[in-house]
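*Asks:* Handing over data21.pdb, PDB, C-alpha atoms and all ligand atoms.
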```pdb
ATOM      1  CA  MET M   1       9.649 -18.608 -10.865
ATOM      2  CA  GLU M   2      11.194 -15.970  -8.647
ATOM      3  CA  LYS M   3      10.515 -15.906  -4.928
ATOM      4  CA  VAL M   4       7.427 -13.918  -3.957
ATOM      5  CA  ILE M   5       7.685 -10.663  -2.039
ATOM      6  CA  ILE M   6       4.851 -10.452   0.468
ATOM      7  CA  THR M   7       3.980  -6.921   1.565
ATOM      8  CA  ALA M   8       1.817  -6.374   4.641
ATOM      9  CA  ALA M   9      -0.172  -3.127   4.676
ATOM     10  CA  ILE M  10      -0.815  -2.734   8.374
ATOM     11  CA  THR M  11      -3.526  -0.149   8.992
ATOM     12  CA  GLY M  12      -4.038   2.257   6.066
ATOM     13  CA  ALA M  13      -6.458   5.154   6.010
ATOM     14  CA  ALA M  14      -9.560   3.623   4.435
ATOM     15  CA  THR M  15     -10.473   1.089   7.116
ATOM     16  CA  VAL M  16     -12.240   2.859  10.000
ATOM     17  CA  PRO M  17     -11.945   1.426  13.529
ATOM     18  CA  THR M  18     -15.612   0.421  13.910
ATOM     19  CA  LEU M  19     -15.292  -2.024  11.003
ATOM     20  CA  THR M  20     -12.990  -4.315  12.961
ATOM     21  CA  PRO M  21     -11.795  -4.410  16.565
ATOM     22  CA  TYR M  22      -8.481  -5.826  15.291
ATOM     23  CA  LEU M  23      -7.309  -2.693  13.454
ATOM     24  CA  PRO M  24      -4.115  -1.379  15.092
ATOM     25  CA  HIS M  25      -4.157   2.360  15.601
ATOM     26  CA  THR M  26      -1.759   3.589  18.270
ATOM     27  CA  PRO M  27       1.918   3.779  17.219
ATOM     28  CA  LYS M  28       2.675   0.882  19.585
ATOM     29  CA  GLU M  29      -0.111  -1.293  18.145
ATOM     30  CA  ILE M  30       0.879  -0.470  14.553
ATOM     31  CA  ALA M  31       4.554  -1.269  15.224
ATOM     32  CA  GLU M  32       3.711  -4.520  17.039
ATOM     33  CA  SER M  33       1.352  -5.618  14.289
ATOM     34  CA  ALA M  34       3.995  -4.881  11.625
ATOM     35  CA  ILE M  35       6.632  -6.815  13.596
ATOM     36  CA  GLU M  36       4.309  -9.837  13.853
ATOM     37  CA  ALA M  37       3.545  -9.579  10.121
ATOM     38  CA  ALA M  38       7.271  -9.509   9.331
ATOM     39  CA  LYS M  39       7.851 -12.542  11.550
ATOM     40  CA  ALA M  40       5.024 -14.329   9.719
ATOM     41  CA  GLY M  41       6.775 -13.799   6.365
ATOM     42  CA  ALA M  42       6.190 -10.257   5.112
ATOM     43  CA  ALA M  43       9.364  -8.855   3.542
ATOM     44  CA  ILE M  44       7.895  -5.333   3.244
ATOM     45  CA  VAL M  45       5.633  -3.497   5.661
ATOM     46  CA  HIS M  46       3.570  -0.644   4.195
ATOM     47  CA  ILE M  47       3.044   1.909   6.933
ATOM     48  CA  HIS M  48       0.415   4.552   7.667
ATOM     49  CA  ALA M  49       0.012   6.260  11.032
ATOM     50  CA  ARG M  50      -3.136   7.138  12.909
ATOM     51  CA  HIS M  51      -3.923   9.557  15.650
ATOM     52  CA  PRO M  52      -3.426   7.537  18.857
ATOM     53  CA  ASP M  53      -6.506   9.019  20.579
ATOM     54  CA  HIS M  54      -9.147   8.268  17.970
ATOM     55  CA  GLY M  55      -7.583   6.360  15.081
ATOM     56  CA  ALA M  56      -8.116   9.002  12.360
ATOM     57  CA  PRO M  57      -5.410   8.935   9.651
ATOM     58  CA  SER M  58      -2.364  11.051  10.468
ATOM     59  CA  ALA M  59       0.683  12.137   8.474
ATOM     60  CA  ALA M  60       2.407  13.689  11.499
ATOM     61  CA  PRO M  61       6.095  12.695  11.736
ATOM     62  CA  GLU M  62       5.715  12.335  15.515
ATOM     63  CA  HIS M  63       3.152   9.588  14.910
ATOM     64  CA  PHE M  64       5.359   7.837  12.317
ATOM     65  CA  ARG M  65       8.687   8.024  14.193
ATOM     66  CA  PRO M  66       7.932   5.569  17.024
ATOM     67  CA  ILE M  67       6.426   3.137  14.510
ATOM     68  CA  VAL M  68       9.312   3.049  12.051
ATOM     69  CA  THR M  69      12.083   3.090  14.678
ATOM     70  CA  GLU M  70      10.513   0.161  16.541
ATOM     71  CA  ILE M  71      10.034  -1.896  13.367
ATOM     72  CA  LYS M  72      13.603  -1.173  12.298
ATOM     73  CA  ALA M  73      14.954  -2.165  15.703
ATOM     74  CA  LYS M  74      13.037  -5.446  15.888
ATOM     75  CA  THR M  75      12.999  -6.709  12.264
ATOM     76  CA  ASP M  76      14.860  -6.582   8.969
ATOM     77  CA  ALA M  77      11.687  -5.784   7.048
ATOM     78  CA  VAL M  78      11.751  -3.171   4.314
ATOM     79  CA  ILE M  79       9.703  -0.175   5.468
ATOM     80  CA  CYS M  80       7.496   1.517   2.882
ATOM     81  CA  ILE M  81       5.981   4.783   4.127
ATOM     82  CA  THR M  82       2.720   5.991   2.646
ATOM     83  CA  THR M  83       2.421   9.315   0.879
ATOM     84  CA  GLY M  84      -1.362   8.848   0.696
ATOM     85  CA  GLY M  85      -1.903  11.174   3.680
ATOM     86  CA  SER M  86      -5.425  12.256   4.486
ATOM     87  CA  PRO M  87      -8.108  13.991   2.397
ATOM     88  CA  THR M  88      -7.373  17.566   3.409
ATOM     89  CA  MET M  89      -3.603  17.552   2.800
ATOM     90  CA  THR M  90      -1.493  18.922  -0.051
ATOM     91  CA  VAL M  91       0.986  16.635  -1.779
ATOM     92  CA  GLN M  92       3.822  18.519  -0.048
ATOM     93  CA  GLU M  93       2.314  17.641   3.325
ATOM     94  CA  ARG M  94       1.569  14.072   2.265
ATOM     95  CA  ALA M  95       5.123  13.498   1.059
ATOM     96  CA  ALA M  96       6.904  15.290   3.931
ATOM     97  CA  ASN M  97       7.797  11.999   5.622
ATOM     98  CA  VAL M  98       9.939  11.008   2.635
ATOM     99  CA  PRO M  99      12.757  13.577   3.170
ATOM    100  CA  GLU M 100      12.173  13.307   6.934
ATOM    101  CA  PHE M 101      12.773   9.533   7.211
ATOM    102  CA  LYS M 102      14.352   8.674   3.837
ATOM    103  CA  PRO M 103      12.802   5.186   3.919
ATOM    104  CA  GLU M 104      13.745   2.460   1.455
ATOM    105  CA  MET M 105      10.312   2.742  -0.204
ATOM    106  CA  CYS M 106       7.281   5.011  -0.241
ATOM    107  CA  SER M 107       3.890   4.825  -1.928
ATOM    108  CA  PHE M 108       3.236   6.879  -5.074
ATOM    109  CA  ASN M 109      -0.403   7.172  -6.207
ATOM    110  CA  LEU M 110      -0.662   7.401  -9.972
ATOM    111  CA  GLY M 111      -3.941   9.188 -10.593
ATOM    112  CA  SER M 112      -6.800  11.320  -9.341
ATOM    113  CA  MET M 113      -9.971   9.452  -8.498
ATOM    114  CA  ASN M 114     -13.196   9.573  -6.537
ATOM    115  CA  PHE M 115     -12.058   7.193  -3.790
ATOM    116  CA  GLY M 116     -15.444   5.936  -2.559
ATOM    117  CA  LEU M 117     -15.609   4.539   0.966
ATOM    118  CA  HIS M 118     -19.277   5.362   1.600
ATOM    119  CA  PRO M 119     -20.750   1.857   1.011
ATOM    120  CA  ALA M 120     -19.309   0.961   4.456
ATOM    121  CA  LEU M 121     -21.875   3.338   5.995
ATOM    122  CA  LYS M 122     -24.528   0.636   5.533
ATOM    123  CA  ARG M 123     -22.624  -1.839   7.691
ATOM    124  CA  HIS M 124     -23.046  -0.078  11.052
ATOM    125  CA  SER M 125     -25.464   2.275  12.719
ATOM    126  CA  HIS M 126     -23.277   3.073  15.736
ATOM    127  CA  TRP M 127     -19.734   4.309  15.260
ATOM    128  CA  ARG M 128     -16.888   4.177  17.737
ATOM    129  CA  TYR M 129     -15.662   7.717  16.872
ATOM    130  CA  PRO M 130     -17.734  10.599  15.423
ATOM    131  CA  TRP M 131     -15.226  11.254  12.620
ATOM    132  CA  GLU M 132     -15.840   7.826  11.061
ATOM    133  CA  PRO M 133     -19.338   8.266   9.484
ATOM    134  CA  GLN M 134     -18.406  11.817   8.375
ATOM    135  CA  TYR M 135     -15.228  10.528   6.746
ATOM    136  CA  LEU M 136     -17.095   7.757   4.906
ATOM    137  CA  GLU M 137     -19.919  10.090   3.840
ATOM    138  CA  MET M 138     -17.593  12.786   2.480
ATOM    139  CA  SER M 139     -15.794  10.218   0.311
ATOM    140  CA  LYS M 140     -18.832  10.279  -2.006
ATOM    141  CA  ASP M 141     -17.730  13.711  -3.160
ATOM    142  CA  PHE M 142     -13.998  13.375  -2.541
ATOM    143  CA  VAL M 143     -11.468  13.421  -5.325
ATOM    144  CA  PHE M 144      -8.170  11.892  -4.226
ATOM    145  CA  LYS M 145      -6.023  14.411  -6.041
ATOM    146  CA  ASN M 146      -2.904  13.121  -7.781
ATOM    147  CA  THR M 147      -2.246  15.507 -10.652
ATOM    148  CA  PHE M 148       0.739  15.774 -12.981
ATOM    149  CA  LEU M 149       2.021  18.618 -10.826
ATOM    150  CA  ASP M 150       1.714  16.357  -7.772
ATOM    151  CA  PHE M 151       3.603  13.614  -9.641
ATOM    152  CA  GLU M 152       6.451  16.044 -10.344
ATOM    153  CA  HIS M 153       6.807  16.688  -6.629
ATOM    154  CA  LEU M 154       6.770  12.982  -5.778
ATOM    155  CA  CYS M 155       9.267  12.176  -8.551
ATOM    156  CA  ARG M 156      11.589  14.847  -7.174
ATOM    157  CA  VAL M 157      11.437  13.798  -3.512
ATOM    158  CA  THR M 158      11.784  10.079  -4.265
ATOM    159  CA  ARG M 159      14.810  10.666  -6.519
ATOM    160  CA  GLU M 160      16.480  13.185  -4.212
ATOM    161  CA  ASN M 161      16.174  10.819  -1.243
ATOM    162  CA  ASN M 162      16.903   7.578  -3.132
ATOM    163  CA  VAL M 163      13.529   6.103  -2.161
ATOM    164  CA  LYS M 164      12.008   3.449  -4.435
ATOM    165  CA  PRO M 165       8.358   4.207  -5.174
ATOM    166  CA  GLU M 166       5.644   1.589  -4.758
ATOM    167  CA  LEU M 167       3.786   2.844  -7.853
ATOM    168  CA  GLU M 168       0.097   2.404  -7.061
ATOM    169  CA  VAL M 169      -2.042   1.746 -10.132
ATOM    170  CA  TYR M 170      -5.815   1.820  -9.478
ATOM    171  CA  ASP M 171      -6.919   1.775 -13.080
ATOM    172  CA  VAL M 172      -5.595   1.414 -16.592
ATOM    173  CA  GLY M 173      -5.317   5.191 -17.163
ATOM    174  CA  HIS M 174      -2.803   5.300 -14.325
ATOM    175  CA  LEU M 175      -0.458   3.167 -16.428
ATOM    176  CA  TYR M 176      -0.654   5.812 -19.146
ATOM    177  CA  ASN M 177       0.107   8.521 -16.557
ATOM    178  CA  LEU M 178       3.174   6.501 -15.592
ATOM    179  CA  ALA M 179       4.136   6.036 -19.246
ATOM    180  CA  PHE M 180       4.156   9.829 -19.552
ATOM    181  CA  LEU M 181       6.442  10.134 -16.516
ATOM    182  CA  VAL M 182       8.744   7.507 -18.030
ATOM    183  CA  GLN M 183       8.805   9.380 -21.330
ATOM    184  CA  GLU M 184       9.676  12.586 -19.451
ATOM    185  CA  LYS M 185      12.505  10.666 -17.713
ATOM    186  CA  ARG M 186      11.116  11.439 -14.271
ATOM    187  CA  VAL M 187      10.909   7.788 -13.170
ATOM    188  CA  ASP M 188      13.747   5.266 -13.261
ATOM    189  CA  PHE M 189      13.669   1.643 -14.457
ATOM    190  CA  PRO M 190      13.266  -0.918 -13.047
ATOM    191  CA  MET M 191      10.032   0.224 -11.460
ATOM    192  CA  HIS M 192       7.869  -1.536  -8.890
ATOM    193  CA  LEU M 193       4.142  -1.450  -9.686
ATOM    194  CA  GLN M 194       1.403  -2.204  -7.186
ATOM    195  CA  PHE M 195      -1.924  -2.969  -8.857
ATOM    196  CA  VAL M 196      -4.506  -1.737  -6.329
ATOM    197  CA  MET M 197      -7.760  -3.362  -7.376
ATOM    198  CA  GLY M 198     -11.314  -3.050  -6.093
ATOM    199  CA  VAL M 199     -11.381   0.538  -4.830
ATOM    200  CA  LEU M 200     -14.789   2.029  -5.659
ATOM    201  CA  GLY M 201     -13.779   4.541  -8.340
ATOM    202  CA  GLY M 202     -11.068   2.324  -9.858
ATOM    203  CA  ILE M 203     -10.762  -1.007 -11.668
ATOM    204  CA  GLY M 204     -12.547  -4.091 -10.267
ATOM    205  CA  THR M 205     -11.211  -7.397  -9.003
ATOM    206  CA  MET M 206     -11.986  -9.798 -11.853
ATOM    207  CA  PRO M 207      -9.144 -12.029 -13.090
ATOM    208  CA  GLU M 208      -9.274 -10.338 -16.499
ATOM    209  CA  ASP M 209      -8.859  -6.922 -14.851
ATOM    210  CA  LEU M 210      -5.506  -8.099 -13.538
ATOM    211  CA  THR M 211      -4.347  -9.829 -16.725
ATOM    212  CA  PHE M 212      -5.306  -6.684 -18.667
ATOM    213  CA  LEU M 213      -3.312  -4.381 -16.357
ATOM    214  CA  LYS M 214      -0.283  -6.666 -16.557
ATOM    215  CA  HIS M 215      -0.562  -6.942 -20.347
ATOM    216  CA  LYS M 216      -0.817  -3.141 -20.751
ATOM    217  CA  ALA M 217       2.152  -2.639 -18.435
ATOM    218  CA  ASP M 218       4.181  -5.132 -20.498
ATOM    219  CA  LEU M 219       3.292  -3.252 -23.685
ATOM    220  CA  LEU M 220       3.988   0.200 -22.258
ATOM    221  CA  PHE M 221       7.186  -0.501 -20.317
ATOM    222  CA  GLY M 222       8.550  -3.897 -21.404
ATOM    223  CA  PRO M 223       8.294  -6.824 -18.958
ATOM    224  CA  LYS M 224      11.963  -6.589 -17.951
ATOM    225  CA  ASN M 225      11.634  -2.982 -16.796
ATOM    226  CA  PHE M 226       9.324  -3.527 -13.854
ATOM    227  CA  THR M 227       8.398  -5.855 -11.045
ATOM    228  CA  TRP M 228       4.779  -5.962  -9.962
ATOM    229  CA  SER M 229       2.507  -6.918  -7.125
ATOM    230  CA  VAL M 230      -1.219  -6.928  -6.545
ATOM    231  CA  VAL M 231      -3.467  -5.936  -3.675
ATOM    232  CA  GLY M 232      -7.195  -6.547  -3.778
ATOM    233  CA  VAL M 233      -9.565  -4.548  -1.634
ATOM    234  CA  GLY M 234     -11.819  -6.828   0.438
ATOM    235  CA  ILE M 235     -11.865 -10.599   0.366
ATOM    236  CA  ALA M 236     -10.838 -10.588  -3.321
ATOM    237  CA  GLN M 237      -7.375  -9.942  -1.886
ATOM    238  CA  PHE M 238      -6.710 -13.687  -1.773
ATOM    239  CA  ASN M 239      -8.295 -14.537  -5.150
ATOM    240  CA  LEU M 240      -6.037 -11.961  -6.781
ATOM    241  CA  ALA M 241      -3.037 -13.110  -4.747
ATOM    242  CA  VAL M 242      -3.465 -16.633  -6.127
ATOM    243  CA  ILE M 243      -3.584 -15.336  -9.706
ATOM    244  CA  SER M 244      -0.547 -13.164  -9.126
ATOM    245  CA  LEU M 245       1.383 -16.117  -7.676
ATOM    246  CA  GLN M 246       0.727 -18.079 -10.883
ATOM    247  CA  MET M 247       1.611 -15.127 -13.118
ATOM    248  CA  GLY M 248       4.943 -14.463 -11.408
ATOM    249  CA  GLY M 249       3.800 -11.353  -9.542
ATOM    250  CA  HIS M 250       4.214 -10.388  -5.917
ATOM    251  CA  VAL M 251       1.487 -10.063  -3.308
ATOM    252  CA  ARG M 252       0.236  -7.495  -0.793
ATOM    253  CA  VAL M 253      -2.165  -8.337   2.015
ATOM    254  CA  GLY M 254      -3.150  -6.611   5.245
ATOM    255  CA  LEU M 255      -5.877  -4.929   7.258
ATOM    256  CA  GLU M 256      -5.322  -1.683   5.335
ATOM    257  CA  ASP M 257      -7.261  -3.163   2.420
ATOM    258  CA  ASN M 258      -9.005  -6.281   3.684
ATOM    259  CA  ILE M 259     -10.315  -7.140   7.142
ATOM    260  CA  TYR M 260     -11.388 -10.733   6.357
ATOM    261  CA  ILE M 261      -9.366 -13.941   6.597
ATOM    262  CA  LYS M 262     -12.157 -15.706   4.710
ATOM    263  CA  LYS M 263     -15.659 -14.753   3.663
ATOM    264  CA  GLY M 264     -17.478 -13.268   6.650
ATOM    265  CA  VAL M 265     -14.696 -14.042   9.146
ATOM    266  CA  LEU M 266     -12.663 -11.124  10.470
ATOM    267  CA  ALA M 267      -8.883 -11.547  10.467
ATOM    268  CA  LYS M 268      -7.566 -11.235  14.001
ATOM    269  CA  SER M 269      -4.248  -9.746  12.923
ATOM    270  CA  ASN M 270      -2.084  -8.771   9.988
ATOM    271  CA  ALA M 271       0.072 -11.801  10.779
ATOM    272  CA  GLU M 272      -2.920 -14.076  10.167
ATOM    273  CA  LEU M 273      -3.373 -12.553   6.691
ATOM    274  CA  VAL M 274       0.351 -12.920   5.970
ATOM    275  CA  GLU M 275       0.294 -16.552   7.164
ATOM    276  CA  ARG M 276      -2.473 -17.320   4.671
ATOM    277  CA  ALA M 277      -0.467 -15.634   1.885
ATOM    278  CA  VAL M 278       2.585 -17.727   2.853
ATOM    279  CA  ARG M 279       0.504 -20.933   2.755
ATOM    280  CA  LEU M 280      -0.850 -20.069  -0.697
ATOM    281  CA  ALA M 281       2.610 -19.129  -1.979
ATOM    282  CA  THR M 282       4.016 -22.425  -0.769
ATOM    283  CA  GLU M 283       1.167 -24.305  -2.483
ATOM    284  CA  PHE M 284       2.124 -22.610  -5.749
ATOM    285  CA  ASP M 285       5.865 -23.290  -5.310
ATOM    286  CA  ARG M 286       6.667 -19.629  -4.742
ATOM    287  CA  GLU M 287       8.819 -19.407  -1.656
ATOM    288  CA  PRO M 288       8.405 -16.115   0.250
ATOM    289  CA  ALA M 289      11.390 -13.777  -0.201
ATOM    290  CA  THR M 290      13.275 -12.669   2.884
ATOM    291  CA  PRO M 291      13.723  -8.897   3.324
ATOM    292  CA  GLU M 292      17.300  -9.215   1.986
ATOM    293  CA  GLU M 293      16.037 -11.078  -1.081
ATOM    294  CA  ALA M 294      13.315  -8.459  -1.567
ATOM    295  CA  ARG M 295      15.990  -5.734  -1.425
ATOM    296  CA  ARG M 296      17.947  -7.558  -4.135
ATOM    297  CA  ILE M 297      14.895  -8.132  -6.346
ATOM    298  CA  LEU M 298      13.762  -4.486  -6.050
ATOM    299  CA  GLY M 299      17.229  -2.900  -6.005
ATOM    300  CA  LEU M 300      16.729  -1.037  -2.739
ATOM    301  CA  LYS M 301      19.375   1.129  -1.068
ATOM    302  CA  GLY M 302      19.443  -0.891   2.192
ATOM    303  CA  LYS M 303      18.305  -0.526   5.775
ATOM    304  CA  ASP M 304      21.460   1.370   6.822
ATOM    305  CA  LYS M 305      20.641   4.297   4.486
ATOM    306  CA  VAL M 306      17.368   5.339   6.107
ATOM    307  CA  ASN M 307      17.088   8.340   8.411
ATOM    308  CA  PHE M 308      15.559   6.876  11.556
TER     309      PHE M 308
HETATM  310  N1  LIG O 401      -4.992   1.288   0.641
HETATM  311  C1  LIG O 401      -4.877   1.579  -0.748
HETATM  312  C2  LIG O 401      -6.211   1.403  -1.414
HETATM  313  C3  LIG O 401      -1.168   4.923  -0.088
HETATM  314  O1  LIG O 401      -0.761   4.408   0.931
HETATM  315  O2  LIG O 401      -0.546   5.802  -0.688
HETATM  316  C4  LIG O 401      -4.326   2.929  -0.922
HETATM  317  C5  LIG O 401      -2.906   3.149  -0.551
HETATM  318  C6  LIG O 401      -2.516   4.562  -0.660
HETATM  319  O3  LIG O 401      -2.124   2.261  -0.262
HETATM  320 ZN    ZN O 402      -1.409   2.700   1.960
END
```
Rewrite the coordinates I just gave you, this time as structure tokens.
*Replies:*
Amino acid sequence: MEKVIITAAITGAATVPTLTPYLPHTPKEIAESAIEAAKAGAAIVHIHARHPDHGAPSAAPEHFRPIVTEIKAKTDAVICITTGGSPTMTVQERAANVPEFKPEMCSFNLGSMNFGLHPALKRHSHWRYPWEPQYLEMSKDFVFKNTFLDFEHLCRVTRENNVKPELEVYDVGHLYNLAFLVQEKRVDFPMHLQFVMGVLGGIGTMPEDLTFLKHKADLLFGPKNFTWSVVGVGIAQFNLAVISLQMGGHVRVGLEDNIYIKKGVLAKSNAELVERAVRLATEFDREPATPEEARRILGLKGKDKVNF
């Protein structure tokens, strides 16, 4: 089987700082954590920024610039910039970092959903920052909007800037949304799919959920027309990683989606999560791909073509 591309998703927007003291949130902490994750074996780092004063999600280019320039200077890792943004932003605002930085990859969310974070409210009664409980509470009634009009914008900016999308599939209907974009010739083969499993509002984390998504993707696109990876939300991250390793898929780990190294034990860093993924990959005879190998497998434009 092909080498496995390990992606590390460093900080995200769904994990709030009170949930773990190990969540990086200043640009310096995010960059350092990504560099450690790359040294531990991650070929791709998936990057969000946060406001340095209080850790709330930020899409501001001035918060992204020091992160991506530092990672680029210190590693060869492929940098994938989120277009997930924050709840109040338009897709134009969320995707503005794509033409700004022209990264090798960016995220591309494939459907609208009620992205529920509110169960985390039960885990704490005191919060480090006042925005955190409000943010979790409002998710009960929050639709993460990714409409067909939004897709058109993302298809345009990714094509115009030669940025390969990490196509995030949270449920089976999202594969049908993608099939429509393929039919309309808005997305190019080969594609890279990220099955994002276990978000409240999307598909679960059972083995058959993953085999079903992969089977549907094979039927809709043809197995030769896409590469794929899986990220589980919560501790299921590693169960799903093991299944993906056996099925020939790639793997994403990181504090963005999972704060535990094993049940009930907080991961102390992204590197620790990547190290566990490397150990599992080695056990299943899937050697981790280097960033250069990941670029070849995914057909990326190369580190010298980015704008930072
Ligand atoms: N953390 C995932 C559940 C994005 O960056 O565009 C969502 C995500 C979204 O990765
Ligand atoms: Zn993300």
*Asks:* Could you state the separation of CA of Phe221 in chain M and CA of Ile5 in chain M in Å, given to one decimal place?
*Replies:*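 Atom-to-atom, CA of Phe221 in chain M and CA of Ile5 in chain M are spaced 20.9 Å apart.
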*Asks:* Measuring atom to atom with only C-alpha atoms and all ligand atoms, identify which of M:Leu178, M:Leu219, M:Val233, M:Ala120 is nearest to ligand LIG 401 (chain O).
*Replies:*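 Nearest candidate to ligand LIG 401 (chain O) out of M:Leu178, M:Leu219, M:Val233, M:Ala120: M:Val233.
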*Asks:* What does the PyMOL selection byres (((chain M and resi 4) around 7) and not hetatm) select in this file, as a list in words?
*Replies:*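 Matching residues under the PyMOL selection byres (((chain M and resi 4) around 7) and not hetatm) are Glu2, Lys3, Ile5, Ile6, His250, Arg286, Glu287, Pro288 and Ala289 of chain M.
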*Asks:* Store the residues of this selection in a file with C-alpha atoms, as a PDB file, keeping the file's coordinate frame.
*Replies:*
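Dumped everything to out15.pdb:
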```
ATOM      1  CA  GLU M   2      11.194 -15.970  -8.647  1.00  0.00           C
ATOM      2  CA  LYS M   3      10.515 -15.906  -4.928  1.00  0.00           C
ATOM      3  CA  ILE M   5       7.685 -10.663  -2.039  1.00  0.00           C
ATOM      4  CA  ILE M   6       4.851 -10.452   0.468  1.00  0.00           C
ATOM      5  CA  HIS M 250       4.214 -10.388  -5.917  1.00  0.00           C
ATOM      6  CA  ARG M 286       6.667 -19.629  -4.742  1.00  0.00           C
ATOM      7  CA  GLU M 287       8.819 -19.407  -1.656  1.00  0.00           C
ATOM      8  CA  PRO M 288       8.405 -16.115   0.250  1.00  0.00           C
ATOM      9  CA  ALA M 289      11.390 -13.777  -0.201  1.00  0.00           C
TER      10      ALA M 289
END
```
*Asks:* Name each residue within 7 Å of ligand ZN 402 (chain O), counting all atoms listed in the file, as a ChimeraX atom specification.
*Replies:* /M:9,12-13,46-48,82,84,107,256
*Asks:* Can you pull out the residues contacting Pro17 in chain M? Cut-off 8 Å, using all atoms listed in the file, and skip same-chain residues under 4 positions away; I want them as a ChimeraX atom specification.
*Replies:* /M:21,23,55,128,132
*Asks:* Residue by residue, what does the PyMOL selection byres (((not hetatm)) within 10 of (chain O and resi 401)) grab here? Present the result as a PyMOL selection string.
*Replies:* chain M and resi 9-15+46-48+80-86+94-95+106-110+115+144+166-170+194-200+202+231-233+254-258
*Asks:* Where does the PyMOL selection byres (((chain M and resi 249) around 9) and not hetatm) land in this file, that is, which residues does it pick, as JSON, numbers by chain?
*Replies:* {"M": [2, 4, 5, 227, 228, 229, 230, 241, 243, 244, 245, 246, 247, 248, 250, 251]}
*Asks:* Quick one: everything within 9 Å of Ala96 in chain M, counting all atoms listed in the file, minus sequence neighbours fewer than 3 positions away in the same chain. Send it as a ChimeraX atom specification.
*Replies:* /M:59-61,83,91-93,99-101,157
*Asks:* Kindly export the residues of the current selection with C-alpha atoms, as a PDB file, keeping the file's coordinate frame.
*Replies:*
```pdb
ATOM      1  CA  ALA M  59       0.683  12.137   8.474  1.00  0.00           C
ATOM      2  CA  ALA M  60       2.407  13.689  11.499  1.00  0.00           C
ATOM      3  CA  PRO M  61       6.095  12.695  11.736  1.00  0.00           C
ATOM      4  CA  THR M  83       2.421   9.315   0.879  1.00  0.00           C
ATOM      5  CA  VAL M  91       0.986  16.635  -1.779  1.00  0.00           C
ATOM      6  CA  GLN M  92       3.822  18.519  -0.048  1.00  0.00           C
ATOM      7  CA  GLU M  93       2.314  17.641   3.325  1.00  0.00           C
ATOM      8  CA  PRO M  99      12.757  13.577   3.170  1.00  0.00           C
ATOM      9  CA  GLU M 100      12.173  13.307   6.934  1.00  0.00           C
ATOM     10  CA  PHE M 101      12.773   9.533   7.211  1.00  0.00           C
ATOM     11  CA  VAL M 157      11.437  13.798  -3.512  1.00  0.00           C
TER      12      VAL M 157
END
```
*Asks:* Would you mind reading off the distance between CA of Gly41 in chain M and CA of Gly299 in chain M, one decimal, in Å?
*Replies:*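 Separating CA of Gly41 in chain M from CA of Gly299 in chain M is a distance of 19.5 Å.
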*Asks:* Cys155 in chain M: which residues within 9 Å, counting all atoms listed in the file, same-chain residues fewer than 2 positions away excluded, as a list in words?
*Replies:*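 Residues near the query, excluding close chain neighbours: Phe108, Asp150, Phe151, Glu152, His153, Val157, Thr158, Arg159, Glu160, Pro165, Leu181, Arg186 and Val187 of chain M.
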*Asks:* Can those selected residues be exported to a file as a PDB file, in the frame of the given file so that it contains C-alpha atoms?
*Replies:*
```pdb
ATOM      1  CA  PHE M 108       3.236   6.879  -5.074  1.00  0.00           C
ATOM      2  CA  ASP M 150       1.714  16.357  -7.772  1.00  0.00           C
ATOM      3  CA  PHE M 151       3.603  13.614  -9.641  1.00  0.00           C
ATOM      4  CA  GLU M 152       6.451  16.044 -10.344  1.00  0.00           C
ATOM      5  CA  HIS M 153       6.807  16.688  -6.629  1.00  0.00           C
ATOM      6  CA  VAL M 157      11.437  13.798  -3.512  1.00  0.00           C
ATOM      7  CA  THR M 158      11.784  10.079  -4.265  1.00  0.00           C
ATOM      8  CA  ARG M 159      14.810  10.666  -6.519  1.00  0.00           C
ATOM      9  CA  GLU M 160      16.480  13.185  -4.212  1.00  0.00           C
ATOM     10  CA  PRO M 165       8.358   4.207  -5.174  1.00  0.00           C
ATOM     11  CA  LEU M 181       6.442  10.134 -16.516  1.00  0.00           C
ATOM     12  CA  ARG M 186      11.116  11.439 -14.271  1.00  0.00           C
ATOM     13  CA  VAL M 187      10.909   7.788 -13.170  1.00  0.00           C
TER      14      VAL M 187
END
```
*Asks:* Could you state the separation of CA of Pro66 in chain M and CA of Glu32 in chain M in Å, given to one decimal place?
*Replies:* 10.9 Å
*Asks:* Would you please work out which residue, of M:Ala40, M:Ile261, M:Leu19, M:Val278, is nearest to Leu121 in chain M when using all atoms listed in the file?
*Replies:*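 Distance minimum relative to Leu121 in chain M lands on M:Leu19.
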*Asks:* Pick the closest to Arg65 in chain M from M:Leu175, M:Lys214, M:Asn307, M:Ser139: which is it, counting all atoms listed in the file?
*Replies:* M:Asn307
*Asks:* Which residue out of M:Gly222, M:Gly201, M:Gly234, M:Pro27 has the minimum interatomic distance to Tyr260 in chain M when all atoms listed in the file are used?
*Replies:*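 The closest residue to Tyr260 in chain M is M:Gly234.
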*Asks:* Using all atoms listed in the file, which of M:Asn162, M:Thr211, M:Gln237, M:Asn225 sits nearest Val98 in chain M?
*Replies:* M:Asn162
*Asks:* Using all atoms listed in the file, pick whichever of M:Ser58, M:Val242, M:Lys122, M:Ala31 has the shortest atom-to-atom distance to Thr282 in chain M.
*Replies:*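 So, comparing all the options, the nearest one is M:Val242.
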